[in-house]
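Quick look at target-v1.txt (compact mmCIF, C-alpha atoms and all ligand atoms):
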# COMPACT_ATOMS: atom_id res chain seq x y z
CA VAL D 1 17.21 2.94 -64.29
CA LEU D 2 15.52 -0.35 -63.53
CA ALA D 3 18.40 -2.27 -65.11
CA ASP D 4 20.86 -0.41 -62.88
CA ARG D 5 18.80 -1.18 -59.80
CA TYR D 6 18.58 -4.81 -60.84
CA ARG D 7 22.35 -5.11 -61.32
CA HIS D 8 23.04 -3.32 -58.04
CA THR D 9 20.68 -5.44 -55.95
CA ARG D 10 21.83 -8.73 -57.45
CA ALA D 11 25.47 -7.77 -56.96
CA ALA D 12 24.82 -6.82 -53.34
CA THR D 13 23.68 -10.39 -52.62
CA LEU D 14 26.91 -11.76 -54.10
CA ALA D 15 28.95 -9.28 -52.09
CA LEU D 16 27.37 -10.60 -48.88
CA CYS D 17 28.54 -14.09 -49.81
CA ALA D 18 32.07 -12.99 -50.73
CA PRO D 19 33.54 -13.72 -47.25
CA LEU D 20 32.04 -17.23 -47.21
CA ALA D 21 33.81 -20.50 -47.86
CA VAL D 22 31.97 -22.97 -50.09
CA GLU D 23 31.15 -25.07 -47.00
CA ASP D 24 29.54 -22.04 -45.29
CA HIS D 25 26.96 -21.84 -48.11
CA VAL D 26 25.42 -25.23 -47.38
CA VAL D 27 24.85 -25.45 -43.60
CA GLN D 28 21.29 -25.26 -42.23
CA SER D 29 21.42 -24.87 -38.46
CA MET D 30 17.65 -24.94 -37.78
CA PRO D 31 14.38 -25.20 -39.75
CA ASP D 32 13.81 -21.40 -39.67
CA ALA D 33 17.21 -20.61 -41.17
CA SER D 34 18.13 -21.42 -44.75
CA PRO D 35 21.58 -22.03 -46.25
CA ALA D 36 23.17 -19.15 -48.14
CA LYS D 37 23.13 -21.28 -51.28
CA TRP D 38 19.37 -21.65 -50.97
CA HIS D 39 18.94 -17.85 -50.68
CA LEU D 40 21.07 -17.43 -53.83
CA GLY D 41 18.92 -19.93 -55.70
CA HIS D 42 15.52 -18.92 -54.34
CA THR D 43 15.89 -15.20 -55.14
CA THR D 44 16.87 -16.21 -58.69
CA TRP D 45 13.95 -18.64 -58.95
CA PHE D 46 11.64 -15.74 -57.96
CA PHE D 47 12.68 -13.75 -61.05
CA GLU D 48 12.58 -16.79 -63.32
CA THR D 49 9.15 -17.87 -62.09
CA PHE D 50 7.30 -14.59 -61.69
CA VAL D 51 8.98 -12.49 -64.40
CA LEU D 52 10.69 -14.58 -67.11
CA SER D 53 8.29 -17.53 -67.26
CA ARG D 54 5.38 -15.16 -67.98
CA ARG D 55 6.86 -14.54 -71.42
CA ALA D 56 6.06 -16.68 -74.45
CA GLY D 57 8.79 -19.13 -75.39
CA HIS D 58 10.49 -19.14 -71.97
CA ARG D 59 12.50 -22.30 -71.32
CA PRO D 60 13.53 -22.94 -67.70
CA PHE D 61 17.24 -23.12 -66.88
CA ASP D 62 16.65 -26.47 -65.18
CA PRO D 63 13.03 -27.57 -64.59
CA ARG D 64 14.06 -29.44 -61.43
CA LEU D 65 15.12 -26.30 -59.60
CA GLY D 66 11.54 -25.15 -58.94
CA PHE D 67 11.09 -28.01 -56.46
CA LEU D 68 14.21 -26.94 -54.57
CA PHE D 69 13.83 -23.17 -54.65
CA ASN D 70 10.07 -22.62 -54.31
CA SER D 71 9.70 -21.38 -50.72
CA TYR D 72 5.97 -21.44 -49.99
CA TYR D 73 3.95 -20.73 -53.17
CA GLU D 74 1.26 -23.42 -53.31
CA ALA D 75 -0.01 -22.07 -56.63
CA VAL D 76 3.36 -22.65 -58.28
CA GLY D 77 3.66 -26.34 -57.48
CA ALA D 78 5.32 -28.93 -55.25
CA ARG D 79 8.42 -28.08 -53.22
CA GLY D 80 10.96 -29.64 -50.93
CA ALA D 81 10.73 -29.63 -47.13
CA ARG D 82 11.88 -26.35 -45.58
CA ASP D 83 13.89 -28.05 -42.85
CA ALA D 84 15.77 -30.21 -45.38
CA ARG D 85 17.34 -27.41 -47.40
CA GLY D 86 20.73 -28.05 -45.80
CA LEU D 87 20.72 -31.63 -47.09
CA CYS D 88 21.02 -30.53 -50.72
CA SER D 89 24.70 -30.64 -51.56
CA ARG D 90 23.58 -30.43 -55.22
CA PRO D 91 23.25 -28.27 -57.19
CA THR D 92 26.71 -27.06 -56.20
CA VAL D 93 27.40 -23.45 -55.26
CA ASP D 94 29.04 -22.98 -58.69
CA GLU D 95 25.93 -24.34 -60.41
CA VAL D 96 23.71 -21.96 -58.45
CA HIS D 97 25.95 -19.08 -59.51
CA ALA D 98 25.56 -20.24 -63.13
CA TYR D 99 21.77 -20.21 -62.59
CA ARG D 100 22.02 -16.63 -61.32
CA ARG D 101 24.11 -15.53 -64.30
CA HIS D 102 21.70 -17.18 -66.74
CA VAL D 103 18.62 -15.53 -65.23
CA ASP D 104 20.38 -12.16 -64.92
CA ALA D 105 21.32 -12.24 -68.61
CA ARG D 106 17.74 -13.13 -69.65
CA VAL D 107 16.27 -10.38 -67.44
CA LEU D 108 18.69 -7.69 -68.58
CA GLU D 109 18.42 -8.46 -72.31
CA SER D 110 14.62 -8.09 -72.24
CA ILE D 111 14.06 -5.81 -69.26
CA ASP D 112 11.99 -3.24 -71.17
CA ALA D 113 9.49 -5.94 -72.11
CA LEU D 114 9.15 -7.39 -68.60
CA ASP D 115 6.57 -6.59 -65.93
CA ALA D 116 8.25 -3.69 -64.12
CA ALA D 117 6.02 -3.93 -61.03
CA VAL D 118 6.92 -7.58 -60.47
CA LEU D 119 10.60 -6.84 -61.13
CA VAL D 120 10.53 -4.16 -58.44
CA LEU D 121 8.80 -6.61 -56.10
CA GLY D 122 11.54 -9.13 -56.91
CA LEU D 123 14.19 -6.59 -55.94
CA ALA D 124 12.47 -5.83 -52.62
CA HIS D 125 12.20 -9.61 -52.13
CA GLU D 126 15.91 -10.04 -52.80
CA GLU D 127 16.67 -7.32 -50.23
CA GLN D 128 14.59 -9.19 -47.65
CA HIS D 129 16.64 -12.29 -48.37
CA GLN D 130 19.87 -10.31 -48.05
CA GLU D 131 18.93 -9.68 -44.42
CA LEU D 132 17.85 -13.30 -43.90
CA LEU D 133 21.11 -14.49 -45.44
CA LEU D 134 22.99 -12.63 -42.70
CA THR D 135 20.76 -13.65 -39.80
CA ASP D 136 20.66 -17.28 -40.95
CA LEU D 137 24.43 -17.31 -41.41
CA LYS D 138 24.91 -15.78 -37.96
CA HIS D 139 22.91 -18.61 -36.44
CA ALA D 140 24.89 -21.23 -38.35
CA LEU D 141 28.25 -19.73 -37.35
CA SER D 142 27.08 -19.43 -33.73
CA CYS D 143 26.66 -23.23 -33.68
CA ASN D 144 30.32 -23.73 -34.59
CA PRO D 145 32.64 -24.20 -31.57
CA LEU D 146 35.36 -22.30 -33.46
CA GLU D 147 33.15 -19.16 -33.34
CA PRO D 148 34.03 -18.13 -36.91
CA VAL D 149 34.14 -14.45 -37.82
CA TYR D 150 31.99 -13.62 -40.86
CA ARG D 151 33.53 -10.17 -41.29
CA ALA D 152 35.60 -8.23 -38.76
CA GLY D 153 34.19 -4.85 -37.77
CA LEU D 154 30.52 -5.84 -37.82
CA GLU D 155 28.27 -5.38 -34.77
CA VAL D 156 30.97 -3.58 -32.82
CA ALA D 157 30.06 -2.44 -29.30
CA PRO D 158 29.39 1.31 -29.01
CA GLU D 159 31.83 3.57 -27.20
CA GLY D 160 30.60 5.32 -24.06
CA ASP D 161 27.24 5.20 -22.33
CA ALA D 162 23.80 5.20 -23.87
CA PRO D 163 21.93 8.50 -23.49
CA PRO D 164 19.39 8.58 -20.63
CA LEU D 165 16.09 6.83 -21.38
CA ARG D 166 13.34 9.40 -21.75
CA PHE D 167 9.73 9.26 -22.87
CA VAL D 168 8.04 11.75 -25.18
CA GLU D 169 4.35 12.49 -24.90
CA ARG D 170 2.28 11.69 -27.97
CA ARG D 171 -1.21 12.98 -28.65
CA GLY D 172 -4.17 10.69 -29.17
CA GLY D 173 -6.95 11.07 -31.72
CA LEU D 174 -7.85 10.00 -35.21
CA VAL D 175 -4.78 9.40 -37.38
CA GLU D 176 -3.96 7.79 -40.72
CA ILE D 177 -1.44 4.99 -41.21
CA GLY D 178 -0.42 2.85 -44.15
CA ASP D 179 1.40 3.55 -47.39
CA ALA D 180 0.19 6.67 -49.19
CA GLY D 181 0.94 5.20 -52.61
CA ALA D 182 3.82 7.21 -54.11
CA GLY D 183 6.60 4.60 -54.37
CA PHE D 184 6.95 0.87 -53.87
CA ALA D 185 5.29 -0.72 -50.85
CA PHE D 186 4.23 -4.27 -50.09
CA ASP D 187 0.54 -5.07 -50.47
CA HIS D 188 0.03 -5.41 -46.70
CA GLU D 189 1.13 -1.78 -46.10
CA ARG D 190 -2.12 -0.72 -47.80
CA PRO D 191 -4.74 0.59 -47.81
CA ARG D 192 -3.93 3.75 -45.95
CA HIS D 193 -6.68 4.06 -43.38
CA ARG D 194 -7.81 5.84 -40.27
CA THR D 195 -7.22 4.49 -36.80
CA PHE D 196 -7.66 5.87 -33.29
CA LEU D 197 -4.81 6.43 -30.84
CA THR D 198 -5.11 7.12 -27.13
CA PRO D 199 -2.58 9.56 -25.62
CA HIS D 200 0.65 7.69 -24.95
CA ARG D 201 4.39 8.00 -24.42
CA LEU D 202 7.21 6.53 -26.49
CA ALA D 203 10.78 5.87 -25.38
CA THR D 204 13.34 8.09 -27.10
CA ARG D 205 15.73 5.18 -27.68
CA LEU D 206 15.84 1.38 -27.63
CA VAL D 207 16.37 -0.76 -24.54
CA THR D 208 20.07 -1.48 -23.96
CA ALA D 209 21.73 -4.79 -23.11
CA GLY D 210 22.62 -3.34 -19.70
CA GLU D 211 19.01 -2.48 -18.93
CA TYR D 212 17.92 -5.94 -19.99
CA GLN D 213 20.60 -7.45 -17.75
CA ALA D 214 18.90 -5.78 -14.77
CA PHE D 215 15.74 -7.72 -15.71
CA LEU D 216 17.79 -10.94 -15.75
CA ASP D 217 19.41 -10.10 -12.42
CA ASP D 218 15.97 -9.43 -10.93
CA GLY D 219 14.90 -12.98 -11.80
CA GLY D 220 13.10 -12.00 -14.97
CA TYR D 221 13.39 -15.47 -16.45
CA ARG D 222 12.18 -17.14 -13.22
CA ARG D 223 9.03 -15.10 -12.55
CA PRO D 224 5.97 -16.36 -14.42
CA GLU D 225 3.91 -13.37 -13.28
CA LEU D 226 5.90 -11.23 -15.73
CA TRP D 227 5.18 -13.45 -18.73
CA LEU D 228 2.31 -14.25 -21.06
CA SER D 229 1.13 -17.84 -20.70
CA ASP D 230 2.39 -18.75 -24.19
CA GLY D 231 5.64 -16.95 -23.45
CA TRP D 232 6.25 -18.80 -20.19
CA ALA D 233 5.56 -22.08 -22.00
CA ALA D 234 8.02 -21.15 -24.76
CA ARG D 235 10.68 -20.10 -22.23
CA THR D 236 10.20 -23.36 -20.31
CA ALA D 237 10.21 -25.62 -23.37
CA ALA D 238 13.30 -23.98 -24.86
CA GLY D 239 15.11 -23.38 -21.55
CA TRP D 240 15.62 -19.66 -22.24
CA GLN D 241 17.68 -17.92 -19.56
CA ALA D 242 18.94 -14.97 -21.60
CA PRO D 243 18.62 -13.55 -25.13
CA LEU D 244 19.86 -15.67 -28.01
CA TYR D 245 23.66 -15.57 -28.40
CA TRP D 246 24.28 -14.42 -24.81
CA ALA D 247 26.73 -16.62 -22.91
CA ARG D 248 27.90 -16.18 -19.32
CA ARG D 249 31.66 -16.61 -19.05
CA SER D 250 34.01 -16.22 -16.09
CA ASP D 251 34.47 -12.52 -16.90
CA GLY D 252 30.81 -11.66 -17.51
CA TRP D 253 28.33 -11.79 -20.36
CA TRP D 254 29.52 -12.39 -23.90
CA THR D 255 27.59 -12.32 -27.13
CA PHE D 256 28.11 -13.81 -30.57
CA THR D 257 28.07 -11.43 -33.54
CA LEU D 258 28.83 -11.52 -37.25
CA GLY D 259 32.17 -10.02 -36.21
CA GLY D 260 32.78 -12.95 -33.86
CA ALA D 261 32.29 -13.50 -30.12
CA ARG D 262 32.94 -10.52 -27.85
CA ARG D 263 32.03 -9.11 -24.46
CA LEU D 264 28.55 -7.68 -24.22
CA SER D 265 28.49 -3.93 -23.79
CA PRO D 266 25.85 -2.54 -21.37
CA ALA D 267 25.36 0.42 -23.73
CA GLU D 268 24.58 -1.57 -26.89
CA PRO D 269 21.00 -1.89 -28.08
CA LEU D 270 19.55 -5.21 -26.96
CA ALA D 271 19.17 -7.78 -29.75
CA HIS D 272 17.80 -11.27 -30.32
CA VAL D 273 14.82 -11.33 -28.00
CA SER D 274 11.48 -12.92 -28.83
CA TYR D 275 8.19 -11.06 -28.62
CA TYR D 276 7.58 -12.96 -25.38
CA GLU D 277 10.78 -11.66 -23.82
CA ALA D 278 10.09 -8.13 -25.07
CA ASP D 279 6.62 -8.27 -23.55
CA ALA D 280 7.89 -9.64 -20.20
CA TYR D 281 10.63 -7.02 -20.05
CA ALA D 282 8.16 -4.22 -20.73
CA ARG D 283 5.88 -5.48 -17.95
CA TRP D 284 8.81 -5.68 -15.53
CA ALA D 285 9.79 -2.13 -16.50
CA GLY D 286 6.27 -0.85 -15.77
CA ALA D 287 5.68 -0.10 -19.43
CA ARG D 288 4.33 -1.84 -22.54
CA LEU D 289 5.26 -2.30 -26.19
CA PRO D 290 4.03 0.31 -28.70
CA THR D 291 1.27 -0.55 -31.14
CA GLU D 292 2.24 -0.46 -34.79
CA ALA D 293 0.01 2.58 -35.30
CA GLU D 294 1.72 4.48 -32.46
CA TRP D 295 5.12 3.57 -33.94
CA GLU D 296 4.25 4.54 -37.51
CA CYS D 297 2.62 7.81 -36.49
CA ALA D 298 5.75 8.80 -34.59
CA ALA D 299 8.10 7.67 -37.37
CA SER D 300 6.23 9.59 -40.06
CA ASP D 301 5.82 12.70 -37.90
CA GLY D 302 8.07 15.52 -39.06
CA ASN D 303 8.51 16.55 -35.43
CA CYS D 304 9.73 13.18 -34.22
CA GLY D 305 13.39 14.24 -34.06
CA THR D 306 13.36 13.43 -30.37
CA LEU D 307 13.00 9.71 -31.18
CA SER D 308 16.26 8.01 -32.08
CA GLN D 309 17.08 4.55 -33.45
CA LEU D 310 13.86 4.24 -35.46
CA PHE D 311 15.69 2.65 -38.41
CA GLY D 312 18.90 0.75 -39.00
CA VAL D 313 19.50 -0.50 -35.46
CA ARG D 314 16.98 -3.15 -34.34
CA TRP D 315 13.61 -4.36 -35.51
CA GLN D 316 11.20 -3.32 -32.79
CA TRP D 317 8.51 -5.69 -31.59
CA THR D 318 5.10 -4.05 -31.43
CA ALA D 319 2.05 -5.11 -29.45
CA SER D 320 0.14 -5.47 -32.74
CA PRO D 321 -0.80 -8.83 -34.22
CA TYR D 322 -0.05 -9.14 -37.93
CA VAL D 323 -3.53 -8.80 -39.42
CA PRO D 324 -4.86 -7.19 -42.61
CA TYR D 325 -5.58 -3.49 -42.65
CA PRO D 326 -9.25 -2.60 -43.17
CA GLY D 327 -10.03 -3.13 -46.86
CA TYR D 328 -6.94 -5.26 -47.58
CA ARG D 329 -7.31 -7.80 -50.34
CA ALA D 330 -4.44 -10.10 -51.24
CA PRO D 331 -3.53 -9.78 -54.94
CA ALA D 332 -4.86 -12.48 -57.28
CA GLY D 333 -2.62 -15.37 -58.24
CA ALA D 334 0.50 -16.86 -56.71
CA LEU D 335 1.93 -13.50 -55.62
CA GLY D 336 -1.12 -13.07 -53.41
CA GLU D 337 0.61 -15.66 -51.22
CA TYR D 338 3.54 -13.30 -50.58
CA ASN D 339 2.13 -11.73 -47.41
CA GLY D 340 -1.60 -12.32 -47.03
CA LYS D 341 -1.60 -15.95 -46.02
CA PHE D 342 0.64 -15.33 -43.00
CA MET D 343 -1.83 -13.07 -41.20
CA CYS D 344 -2.30 -15.34 -38.19
CA ASN D 345 -0.14 -16.07 -35.13
CA GLN D 346 2.57 -13.54 -35.94
CA MET D 347 3.44 -10.13 -34.48
CA VAL D 348 4.41 -6.94 -36.32
CA LEU D 349 7.89 -5.48 -36.01
CA ARG D 350 8.70 -1.94 -37.10
CA GLY D 351 11.85 -0.08 -38.09
CA SER D 352 14.80 -1.97 -39.56
CA SER D 353 18.11 -3.37 -38.33
CA THR D 354 21.84 -3.22 -38.91
CA ALA D 355 21.34 -6.18 -41.27
CA THR D 356 18.65 -4.46 -43.38
CA PRO D 357 19.88 -3.21 -46.77
CA PRO D 358 20.03 0.62 -46.88
CA GLY D 359 16.85 2.16 -48.24
CA HIS D 360 14.79 -1.01 -47.84
CA ALA D 361 12.49 0.05 -45.00
CA ARG D 362 10.15 3.03 -44.56
CA PRO D 363 7.72 4.31 -41.89
CA SER D 364 4.84 2.14 -43.19
CA TYR D 365 6.99 -1.02 -43.45
CA ARG D 366 5.52 -4.05 -41.67
CA ASN D 367 7.86 -6.88 -40.76
CA PHE D 368 6.34 -9.91 -39.04
CA PHE D 369 7.57 -12.99 -37.22
CA PRO D 370 6.11 -15.63 -34.90
CA PRO D 371 6.32 -14.48 -31.27
CA ALA D 372 8.97 -17.04 -30.29
CA ALA D 373 11.42 -16.07 -33.08
CA ARG D 374 14.77 -14.82 -31.75
CA TRP D 375 17.29 -15.15 -34.59
CA GLN D 376 16.38 -11.85 -36.26
CA MET D 377 17.95 -8.57 -35.08
CA THR D 378 15.02 -7.86 -32.77
CA GLY D 379 14.97 -5.37 -29.91
CA ILE D 380 12.65 -3.33 -27.73
CA ARG D 381 11.30 0.21 -27.73
CA LEU D 382 9.15 0.84 -24.68
CA ALA D 383 5.84 2.70 -24.66
CA ALA D 384 3.39 3.62 -21.93
CA ASP D 385 -0.08 5.02 -21.54
CA ALA D 386 -0.11 8.75 -20.90
FE FE D 401 11.39 -15.48 -50.47
Show how you would write the structure in this file as structure tokens.
Amino acid sequence: VLADRYRHTRAATLALCAPLAVEDHVVQSMPDASPAKWHLGHTTWFFETFVLSRRAGHRPFDPRLGFLFNSYYEAVGARGARDARGLCSRPTVDEVHAYRRHVDARVLESIDALDAAVLVLGLAHEEQHQELLLTDLKHALSCNPLEPVYRAGLEVAPEGDAPPLRFVERRGGLVEIGDAGAGFAFDHERPRHRTFLTPHRLATRLVTAGEYQAFLDDGGYRRPELWLSDGWAARTAAGWQAPLYWARRSDGWWTFTLGGARRLSPAEPLAHVSYYEADAYARWAGARLPTEAEWECAASDGNCGTLSQLFGVRWQWTASPYVPYPGYRAPAGALGEYNGKFMCNQMVLRGSSTATPPGHARPSYRNFFPPAARWQMTGIRLAADA
């Protein structure tokens, strides 16, 4: 079963790269975004480093690759600069594919003797990079004046109008959140613990592009009273006037998608806003962002059928800073660096997006990004005090 899952997940990464030209694999459009070739190599390096190299007699495929493909693991050794990944025209894409085939063969021939828990972590890690591969590629293609299409039919605008925005009442009181321990979860989803909610309301669907356009038209990007101080500074420094990928043309607003550039649809769920923009929009709308506990409670509630678009549409910014749950201890060793050391200056996002591999997320899943990040598929679900 594990071998099948391994083959399936590794093949899914290759399938995402199938529409790419060799040149598309190498471009790095900004420090946050990595080239597709780097994602192919790094996910392979993860299995070689944390699974294969733990076995006696392991010989690395190429000892130089650790420097290139180590992302942020201080305990594993030196690594190249993150913002210089696009400068590495070598190893070639073919050589990185050979690296993948080599590691896949070594894993599959000895899979019963390998650490299954770390293998499963490696598969979840590869799925995270599948999403990053798409969002990083989208940013790179958006910088190309030819507006290349990654794959036709992706991110198509919905037909018809969005349903009316409603709010459902949610009870307060003592609740439990966090992973209950049955299947795989990342370390930071645990321990399950009690937390207190005040009575609140949650929006039944996500904010649409049309609703966000009303915020723009009302001077949303010119009114500091709507923004956090850090947010106003970020908007000013970067010159934000609209969400990432929005462009005003003679016939209205357009957006860039993995399916190419197209007219923005007022009914489509808003995407590519920072936490700062989400927060300012919520204030303008007389609402607020949900806390991660409010979101998780609703998502794991069997009676939450009234809430739509929880998963598979947009990551939803929450008002919660990314901090450890009570009792959290990062695992010992290099893999303790996976999540724990990022618990400062980032905000939690809940749900999942159209770019998230099917089955990857769950109600207790905690995504996190710095508040100014806009290149992920991030949107807004409003909340309010009861
Ligand atoms: Fe990674």
With only C-alpha atoms and all ligand atoms counted and 10 Å as the cut-off, give the residues of chain D in contact with ligand FE 401 (chain D), each with its shortest interatomic distance in Å and the pair that gives it, as a Markdown table.
| residue | atom | partner | partner_atom | distance |
| --- | --- | --- | --- | --- |
| D:His39 | CA | D:FE401 | FE | 7.9 |
| D:His42 | CA | D:FE401 | FE | 6.6 |
| D:Thr43 | CA | D:FE401 | FE | 6.5 |
| D:Thr44 | CA | D:FE401 | FE | 9.9 |
| D:Trp45 | CA | D:FE401 | FE | 9.4 |
| D:Phe46 | CA | D:FE401 | FE | 7.5 |
| D:Phe69 | CA | D:FE401 | FE | 9.1 |
| D:Asn70 | CA | D:FE401 | FE | 8.2 |
| D:Ser71 | CA | D:FE401 | FE | 6.1 |
| D:Tyr72 | CA | D:FE401 | FE | 8.1 |
| D:Tyr73 | CA | D:FE401 | FE | 9.5 |
| D:Gly122 | CA | D:FE401 | FE | 9.0 |
| D:Ala124 | CA | D:FE401 | FE | 9.9 |
| D:His125 | CA | D:FE401 | FE | 6.2 |
| D:Glu126 | CA | D:FE401 | FE | 7.4 |
| D:Glu127 | CA | D:FE401 | FE | 9.7 |
| D:Gln128 | CA | D:FE401 | FE | 7.6 |
| D:His129 | CA | D:FE401 | FE | 6.5 |
| D:Leu132 | CA | D:FE401 | FE | 9.5 |
| D:Tyr338 | CA | D:FE401 | FE | 8.1 |
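The nearest approach to Val313 (chain D) among the residues D:Asn345, D:Met377, D:Asp136, D:Ala293, with all atoms listed in the file taken into account, belongs to D:Met377.
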What's around Val27 (chain D) at 12 Å? Count only C-alpha atoms, leave out sequence neighbours fewer than 2 positions away in its own chain, and write the answer as a PDB file with C-alpha atoms, in the frame of the given file.
ATOM      1  CA  LEU D  20      32.040 -17.230 -47.210  1.00  0.00           C
ATOM      2  CA  ALA D  21      33.810 -20.500 -47.860  1.00  0.00           C
ATOM      3  CA  VAL D  22      31.970 -22.970 -50.090  1.00  0.00           C
ATOM      4  CA  GLU D  23      31.150 -25.070 -47.000  1.00  0.00           C
ATOM      5  CA  ASP D  24      29.540 -22.040 -45.290  1.00  0.00           C
ATOM      6  CA  HIS D  25      26.960 -21.840 -48.110  1.00  0.00           C
ATOM      7  CA  SER D  29      21.420 -24.870 -38.460  1.00  0.00           C
ATOM      8  CA  MET D  30      17.650 -24.940 -37.780  1.00  0.00           C
ATOM      9  CA  PRO D  31      14.380 -25.200 -39.750  1.00  0.00           C
ATOM     10  CA  ALA D  33      17.210 -20.610 -41.170  1.00  0.00           C
ATOM     11  CA  SER D  34      18.130 -21.420 -44.750  1.00  0.00           C
ATOM     12  CA  PRO D  35      21.580 -22.030 -46.250  1.00  0.00           C
ATOM     13  CA  ALA D  36      23.170 -19.150 -48.140  1.00  0.00           C
ATOM     14  CA  LYS D  37      23.130 -21.280 -51.280  1.00  0.00           C
ATOM     15  CA  TRP D  38      19.370 -21.650 -50.970  1.00  0.00           C
ATOM     16  CA  HIS D  39      18.940 -17.850 -50.680  1.00  0.00           C
ATOM     17  CA  ASP D  83      13.890 -28.050 -42.850  1.00  0.00           C
ATOM     18  CA  ALA D  84      15.770 -30.210 -45.380  1.00  0.00           C
ATOM     19  CA  ARG D  85      17.340 -27.410 -47.400  1.00  0.00           C
ATOM     20  CA  GLY D  86      20.730 -28.050 -45.800  1.00  0.00           C
ATOM     21  CA  LEU D  87      20.720 -31.630 -47.090  1.00  0.00           C
ATOM     22  CA  CYS D  88      21.020 -30.530 -50.720  1.00  0.00           C
ATOM     23  CA  SER D  89      24.700 -30.640 -51.560  1.00  0.00           C
ATOM     24  CA  LEU D 133      21.110 -14.490 -45.440  1.00  0.00           C
ATOM     25  CA  ASP D 136      20.660 -17.280 -40.950  1.00  0.00           C
ATOM     26  CA  LEU D 137      24.430 -17.310 -41.410  1.00  0.00           C
ATOM     27  CA  LYS D 138      24.910 -15.780 -37.960  1.00  0.00           C
ATOM     28  CA  HIS D 139      22.910 -18.610 -36.440  1.00  0.00           C
ATOM     29  CA  ALA D 140      24.890 -21.230 -38.350  1.00  0.00           C
ATOM     30  CA  LEU D 141      28.250 -19.730 -37.350  1.00  0.00           C
ATOM     31  CA  SER D 142      27.080 -19.430 -33.730  1.00  0.00           C
ATOM     32  CA  CYS D 143      26.660 -23.230 -33.680  1.00  0.00           C
ATOM     33  CA  ASN D 144      30.320 -23.730 -34.590  1.00  0.00           C
TER      34      ASN D 144
END
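Counting only C-alpha atoms, the residue from D:Arg100, D:Arg288, D:Arg82, D:Arg329 that sits nearest to Arg190 (chain D) is D:Arg329.
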Could the residues of region 65-158 of chain D that have an atom at most 8 Å from region 47-58 of chain D be listed as a tab-separated table, each with its closest atom pair and the distance in Å to one decimal, counting only C-alpha atoms and ordered by chain and ascending residue number?
residue	atom	partner	partner_atom	distance
D:Val103	CA	D:Glu48	CA	6.5
D:Arg106	CA	D:Leu52	CA	7.6
D:Val107	CA	D:Leu52	CA	7.0
D:Leu114	CA	D:Val51	CA	6.6
D:Asp115	CA	D:Val51	CA	6.6
D:Val118	CA	D:Val51	CA	6.6
D:Leu119	CA	D:Val51	CA	6.7
D:Gly122	CA	D:Phe47	CA	6.3
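In this comparison, which uses all atoms listed in the file, the residue of D:Trp254, D:Phe368, D:Tyr281, D:Trp315 approaching Tyr212 (chain D) most closely is D:Tyr281.
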Hey, what's within 8 Å of Arg166 (chain D) if we count all atoms listed in the file and toss same-chain stuff fewer than 3 positions away? As a PyMOL selection string, please? chain D and resi 203-205
Notebook entry, point to check: Using all atoms listed in the file, which residue out of D:Leu40, D:Ala361, D:Ala117, D:Leu14 lies closest to Tyr99 (chain D)?
Noted result: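 Going through D:Leu40, D:Ala361, D:Ala117, D:Leu14 one by one, the smallest distance to Tyr99 (chain D) is for D:Leu40.
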Shortest contact to Ala261 (chain D), candidates D:Cys17, D:Asp385, D:Ala247, D:Asp279, atoms counted only C-alpha atoms, goes to D:Ala247
Discussion item. Would you compute the distance between CA of Arg381 (chain D) and CA of Pro290 (chain D)? Give it in Å to one decimal.
Written reply: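 Distance reported for this atom pair: 7.3 Å.
Between Glu292 (chain D) and the residues D:Gly66, D:Pro145, D:Pro363, D:Pro163, the shortest atom-to-atom distance, using all atoms listed in the file, involves D:Pro363.
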What are the centre and the three edge lengths of an axis-aligned box that wraps all atoms of region 350-355 of chain D in the file, given that 3 Å is added to every side, written as AutoDock Vina command-line options and rounded to one decimal in Å?
--center_x 15.3 --center_y -3.1 --center_z -39.2 --size_x 19.1 --size_y 12.1 --size_z 10.2
